[in-house]
Amino acid sequence: MKLSIIIPVFNEKKTIKEILKQVIAIKIPQVVKEIVVVDDKSTDGTREILEKIKKEQTQLRVICHSQNQGKGAAVRTGMKQAKGDYILIQDADLEYNPQDIPRLLKPILEGKAKVVYGTRLQRWPNLKRDEKRLQFLLHYFGNRFLSLITSLFYGQWLTDMETCYKLFPKKAIQGMQLKARSFEFEPEITSKLLKKGYRIKEIPIVTTPRGYEEGKKLQTLKDGSIALWTLIKYRFFP
Ligand SMILES: Nc1nc2c(ncn2[C@@H]2O[C@H](COP(=O)(O)OP(=O)(O)OP(=O)(O)O)[C@@H](O)[C@H]2O)c(=O)[nH]1
Ligand SMILES: [Mg+2]
């Protein structure tokens with residue numbers, strides 16, 4: 001099986017080198033990996049770092065947007081270029097741990113699932129950093145709420161619709177008119193996969209959430225409202 005790992009990147013100079021190192025290091029029996037990095041016009045030096053790594057790691061594919069367009073647009077660019085049978089999205093920060101990738105693939109390799117999401121929410125939120133309590137709680141309950149709406153609208157119980165770890169066959173998105181430019185990519189693809197009749201298998205994962213001072217870009221209220229609207233919209237429109 002060939003797996004395309006798509007990494008959307010925007011201004012992640014602190015983490016890009018390390019995340020690529022971790023993703024490159026993952027070895028999965030029976031699976032050939034392809035890594036597609038999409039740089040969304042980073043201005044903090046990330047692009048220069050990518051140029052350098054590309055020379056050393058020739059298996060990396062790096063695609064550069066000439067304008068910043070958002071995470072959804074970057075993922076869509078990556079998916080168009082992907083040559084794998086399966087696609088996995090990997091954020092460029094260090095919140096998600098690439099060591100979980102083989103666990104996500106397991107049900108697929110065993111023929112037990114076609115679409116797998118890594119869920120962060122089958123547990124209480126990570127509240128280690130006290131000063132960020134409210135921010136994380138808002139994020140946590142916002143996501144729980146959006147996942148509940150997804151379950152009600154699309155008829156499948158989900159605990160973490162917003163997770164970045166989404167793994168699906170490339171053929172699942174063929175013919176899908178994905179439009180999201182920003183973070184509404186998550187509700188859009190989830191809605192459309194469920195509408196197409198795919199069942200989503202959730203596998204628990206543990207993440208290390210980051211705060212805004214560490215480069216987080218998602219804005220809980222703004223992007224949460226857009227996500228809610230996206231879920232409503234695609235329930236009734238194609
Ligand atoms: N291409 C592109 N990627 C972006 C943009 N904004 C954020 N990203 C990437 O999207 C990923 C997630 O962004 P974050 O700001 O960490 O979002 P988050 O708050 O972790 O979102 P959750 O995972 O739902 O908690 C990272 O890899 C970012 O580099 C953008 O404008 N363009
Ligand atoms: Mg993040």
# chains A, B, ... in the order shown; residues from 1 in each chain; ligands from 1
call {"tool": "residues_near_ligand", "arguments": {"ligand": "ligand 1", "cutoff": "6 Å", "atoms": "only C-alpha atoms and all ligand atoms", "output": "number ranges by chain"}}
result
A: 8-10, 12, 39-40, 68-71, 74, 91-93, 162-164, 216-218
call {"tool": "write_last_selection", "arguments": {"atoms": "C-alpha atoms", "output": "mmCIF file, in the first residue's frame"}}
result
data_model
loop_
_atom_site.group_PDB
_atom_site.id
_atom_site.type_symbol
_atom_site.label_atom_id
_atom_site.label_comp_id
_atom_site.auth_asym_id
_atom_site.auth_seq_id
_atom_site.Cartn_x
_atom_site.Cartn_y
_atom_site.Cartn_z
ATOM 1 C CA PRO A 8 0.282 21.796 5.431
ATOM 2 C CA VAL A 9 2.719 24.369 6.777
ATOM 3 C CA PHE A 10 2.445 28.028 7.557
ATOM 4 C CA GLU A 12 6.286 26.835 11.636
ATOM 5 C CA ASP A 39 4.182 25.574 2.290
ATOM 6 C CA ASP A 40 1.518 28.237 2.328
ATOM 7 C CA ASN A 68 -1.093 32.416 1.788
ATOM 8 C CA GLN A 69 -4.413 30.662 1.281
ATOM 9 C CA GLY A 70 -5.117 28.716 4.469
ATOM 10 C CA LYS A 71 -4.837 25.174 5.772
ATOM 11 C CA ALA A 74 -2.845 23.736 1.304
ATOM 12 C CA ASP A 91 -0.046 19.081 11.046
ATOM 13 C CA ALA A 92 3.372 20.728 11.036
ATOM 14 C CA ASP A 93 3.408 21.613 14.724
ATOM 15 C CA GLU A 162 -11.763 18.462 14.221
ATOM 16 C CA THR A 163 -8.794 16.132 14.566
ATOM 17 C CA CYS A 164 -5.977 16.656 12.094
ATOM 18 C CA LYS A 216 -1.306 28.263 17.276
ATOM 19 C CA LYS A 217 -3.397 29.835 14.519
ATOM 20 C CA LEU A 218 -6.871 28.436 14.941
#
call {"tool": "select_by_dssp", "arguments": {"residues": "region 8-211 of chain A", "states": "strand (DSSP E)", "output": "compact mmCIF listing (two decimals) with N, CA and C atoms, in the first residue's frame"}}
result
# COMPACT_ATOMS: atom_id res chain seq x y z
N PRO A 8 0.47 20.37 5.74
CA PRO A 8 0.28 21.80 5.43
C PRO A 8 1.10 22.62 6.42
N VAL A 9 1.83 23.60 5.90
CA VAL A 9 2.72 24.37 6.78
C VAL A 9 2.55 25.86 6.56
N VAL A 32 4.47 1.86 1.75
CA VAL A 32 5.46 2.77 1.15
C VAL A 32 4.94 4.18 1.41
N LYS A 33 5.81 5.03 1.97
CA LYS A 33 5.38 6.38 2.32
C LYS A 33 5.78 7.41 1.27
N GLU A 34 4.92 8.40 1.11
CA GLU A 34 5.27 9.56 0.30
C GLU A 34 4.92 10.78 1.18
N ILE A 35 5.85 11.72 1.28
CA ILE A 35 5.58 12.88 2.12
C ILE A 35 5.45 14.12 1.24
N VAL A 36 4.30 14.76 1.33
CA VAL A 36 4.05 15.95 0.51
C VAL A 36 3.87 17.15 1.44
N VAL A 37 4.83 18.06 1.41
CA VAL A 37 4.75 19.24 2.26
C VAL A 37 4.23 20.40 1.42
N VAL A 38 3.23 21.11 1.93
CA VAL A 38 2.74 22.27 1.19
C VAL A 38 2.98 23.51 2.03
N ASP A 39 3.89 24.34 1.57
CA ASP A 39 4.18 25.57 2.29
C ASP A 39 3.28 26.68 1.76
N LEU A 60 11.41 13.82 -0.07
CA LEU A 60 10.39 14.80 0.30
C LEU A 60 9.89 15.54 -0.93
N ARG A 61 8.59 15.73 -1.00
CA ARG A 61 8.07 16.61 -2.06
C ARG A 61 7.61 17.90 -1.39
N VAL A 62 8.09 19.01 -1.87
CA VAL A 62 7.72 20.29 -1.27
C VAL A 62 7.04 21.13 -2.33
N ILE A 63 5.82 21.55 -2.03
CA ILE A 63 5.08 22.40 -2.97
C ILE A 63 4.90 23.76 -2.29
N CYS A 64 5.14 24.83 -3.05
CA CYS A 64 5.05 26.15 -2.43
C CYS A 64 3.92 26.96 -3.03
N TYR A 86 -3.73 5.78 -0.11
CA TYR A 86 -4.32 6.37 1.09
C TYR A 86 -3.70 7.73 1.37
N ILE A 87 -4.49 8.59 2.01
CA ILE A 87 -4.01 9.93 2.35
C ILE A 87 -4.14 10.14 3.86
N LEU A 88 -3.09 10.69 4.45
CA LEU A 88 -3.13 11.06 5.87
C LEU A 88 -2.70 12.51 5.99
N ILE A 89 -3.42 13.27 6.80
CA ILE A 89 -3.01 14.66 7.03
C ILE A 89 -2.21 14.72 8.34
N VAL A 115 -11.91 4.39 6.58
CA VAL A 115 -11.56 5.74 7.01
C VAL A 115 -11.28 5.71 8.51
N VAL A 116 -10.15 6.29 8.91
CA VAL A 116 -9.77 6.28 10.32
C VAL A 116 -9.44 7.71 10.77
N TYR A 117 -9.98 8.13 11.92
CA TYR A 117 -9.62 9.40 12.54
C TYR A 117 -8.93 9.10 13.87
N GLY A 118 -7.93 9.89 14.21
CA GLY A 118 -7.33 9.79 15.54
C GLY A 118 -8.10 10.71 16.47
N THR A 119 -8.66 10.19 17.54
CA THR A 119 -9.44 11.06 18.42
C THR A 119 -8.69 11.44 19.68
N LYS A 166 -6.58 12.46 9.95
CA LYS A 166 -7.63 11.87 9.14
C LYS A 166 -6.95 11.02 8.07
N LEU A 167 -7.41 9.78 7.97
CA LEU A 167 -6.80 8.83 7.04
C LEU A 167 -7.91 8.24 6.19
N PHE A 168 -7.78 8.38 4.88
CA PHE A 168 -8.86 7.92 4.00
C PHE A 168 -8.30 7.49 2.65
N PRO A 169 -9.03 6.64 1.91
CA PRO A 169 -8.53 6.24 0.60
C PRO A 169 -8.60 7.41 -0.38
N ILE A 200 -16.56 6.12 9.79
CA ILE A 200 -15.27 6.59 10.31
C ILE A 200 -14.93 5.83 11.58
N LYS A 201 -13.77 5.19 11.57
CA LYS A 201 -13.32 4.49 12.79
C LYS A 201 -12.40 5.41 13.56
N GLU A 202 -12.70 5.64 14.83
CA GLU A 202 -11.86 6.52 15.65
C GLU A 202 -10.90 5.68 16.49
N ILE A 203 -9.64 6.13 16.49
CA ILE A 203 -8.61 5.47 17.30
C ILE A 203 -8.09 6.51 18.30
N PRO A 204 -8.08 6.21 19.59
CA PRO A 204 -7.61 7.20 20.57
C PRO A 204 -6.13 7.54 20.40
call {"tool": "closest_residue", "arguments": {"among": "A:Leu148, A:Leu20, A:Val31, A:Met79", "to": "Glu56 (chain A)", "atoms": "only C-alpha atoms"}}
result
A:Leu20
call {"tool": "closest_residue", "arguments": {"among": "A:Lys80, A:Lys179, A:Lys233, A:Lys41", "to": "Asn11 (chain A)", "atoms": "only C-alpha atoms"}}
result
A:Lys41
call {"tool": "closest_residue", "arguments": {"among": "A:Leu134, A:Ile7, A:Ala25, A:Ile173", "to": "ligand 2", "atoms": "only C-alpha atoms and all ligand atoms"}}
result
A:Ile7
call {"tool": "residues_around", "arguments": {"residues": "Lys17 (chain A)", "least_positions_apart": "3", "cutoff": "8 Å", "atoms": "only C-alpha atoms", "output": "JSON, numbers by chain"}}
result
{"A": [13, 14, 20, 21, 49, 50, 53]}
call {"tool": "write_last_selection", "arguments": {"atoms": "N, CA, C and O atoms", "output": "PDB file, in the first residue's frame"}}
result
ATOM      1  N   LYS A  13       8.564  27.691  11.777  1.00  0.00           N
ATOM      2  CA  LYS A  13      10.024  27.507  11.765  1.00  0.00           C
ATOM      3  C   LYS A  13      10.543  26.759  13.000  1.00  0.00           C
ATOM      4  O   LYS A  13      11.573  26.116  12.957  1.00  0.00           O
ATOM      5  N   LYS A  14       9.793  26.841  14.111  1.00  0.00           N
ATOM      6  CA  LYS A  14      10.280  26.193  15.337  1.00  0.00           C
ATOM      7  C   LYS A  14      10.106  24.676  15.286  1.00  0.00           C
ATOM      8  O   LYS A  14      10.784  23.954  16.000  1.00  0.00           O
ATOM      9  N   LEU A  20       9.340  16.853  10.471  1.00  0.00           N
ATOM     10  CA  LEU A  20       9.733  16.096   9.273  1.00  0.00           C
ATOM     11  C   LEU A  20      10.638  14.933   9.651  1.00  0.00           C
ATOM     12  O   LEU A  20      10.487  13.822   9.138  1.00  0.00           O
ATOM     13  N   LYS A  21      11.539  15.184  10.594  1.00  0.00           N
ATOM     14  CA  LYS A  21      12.431  14.118  11.051  1.00  0.00           C
ATOM     15  C   LYS A  21      11.599  12.953  11.608  1.00  0.00           C
ATOM     16  O   LYS A  21      11.831  11.790  11.287  1.00  0.00           O
ATOM     17  N   ILE A  49      14.083  26.870   5.447  1.00  0.00           N
ATOM     18  CA  ILE A  49      14.419  25.603   6.123  1.00  0.00           C
ATOM     19  C   ILE A  49      13.998  24.438   5.231  1.00  0.00           C
ATOM     20  O   ILE A  49      14.728  23.472   5.041  1.00  0.00           O
ATOM     21  N   LEU A  50      12.818  24.557   4.637  1.00  0.00           N
ATOM     22  CA  LEU A  50      12.311  23.488   3.760  1.00  0.00           C
ATOM     23  C   LEU A  50      13.220  23.276   2.553  1.00  0.00           C
ATOM     24  O   LEU A  50      13.504  22.138   2.168  1.00  0.00           O
ATOM     25  N   ILE A  53      16.172  21.278   3.757  1.00  0.00           N
ATOM     26  CA  ILE A  53      15.880  19.864   4.068  1.00  0.00           C
ATOM     27  C   ILE A  53      15.639  19.085   2.772  1.00  0.00           C
ATOM     28  O   ILE A  53      16.028  17.925   2.643  1.00  0.00           O
TER      29      ILE A  53
END
call {"tool": "closest_residue", "arguments": {"among": "A:Gln177, A:Gln90, A:Ser182, A:Ser147", "to": "ligand 2", "atoms": "only C-alpha atoms and all ligand atoms"}}
result
A:Gln90
call {"tool": "atom_distance", "arguments": {"atom1": "CA of Leu194 (chain A)", "atom2": "CA of Ile108 (chain A)"}}
result
17.1 Å
call {"tool": "atom_distance", "arguments": {"atom1": "CA of Asp160 (chain A)", "atom2": "CA of Lys83 (chain A)"}}
result
27.1 Å
call {"tool": "closest_residue", "arguments": {"among": "A:Asn97, A:Thr46, A:Thr190, A:Thr150", "to": "ligand 2", "atoms": "only C-alpha atoms and all ligand atoms"}}
result
A:Asn97
call {"tool": "closest_residue", "arguments": {"among": "A:Arg235, A:Lys55, A:Arg210, A:Arg103", "to": "ligand 2", "atoms": "only C-alpha atoms and all ligand atoms"}}
result
A:Arg210
call {"tool": "residues_around", "arguments": {"residues": "Ala180 (chain A)", "least_positions_apart": "2", "cutoff": "12 Å", "atoms": "only C-alpha atoms", "output": "list in words"}}
result
Gln69, Gly70, Lys71, Gly72, Ala73, Ala74, Val75, Arg76, Thr77, Met176, Gln177, Leu178, Ser182, Phe183, Glu184, Phe185, Glu186, Pro187, Glu188, Ile189, Thr190, Lys192, Ile226, Ala227, Thr230 and Tyr234 of chain A
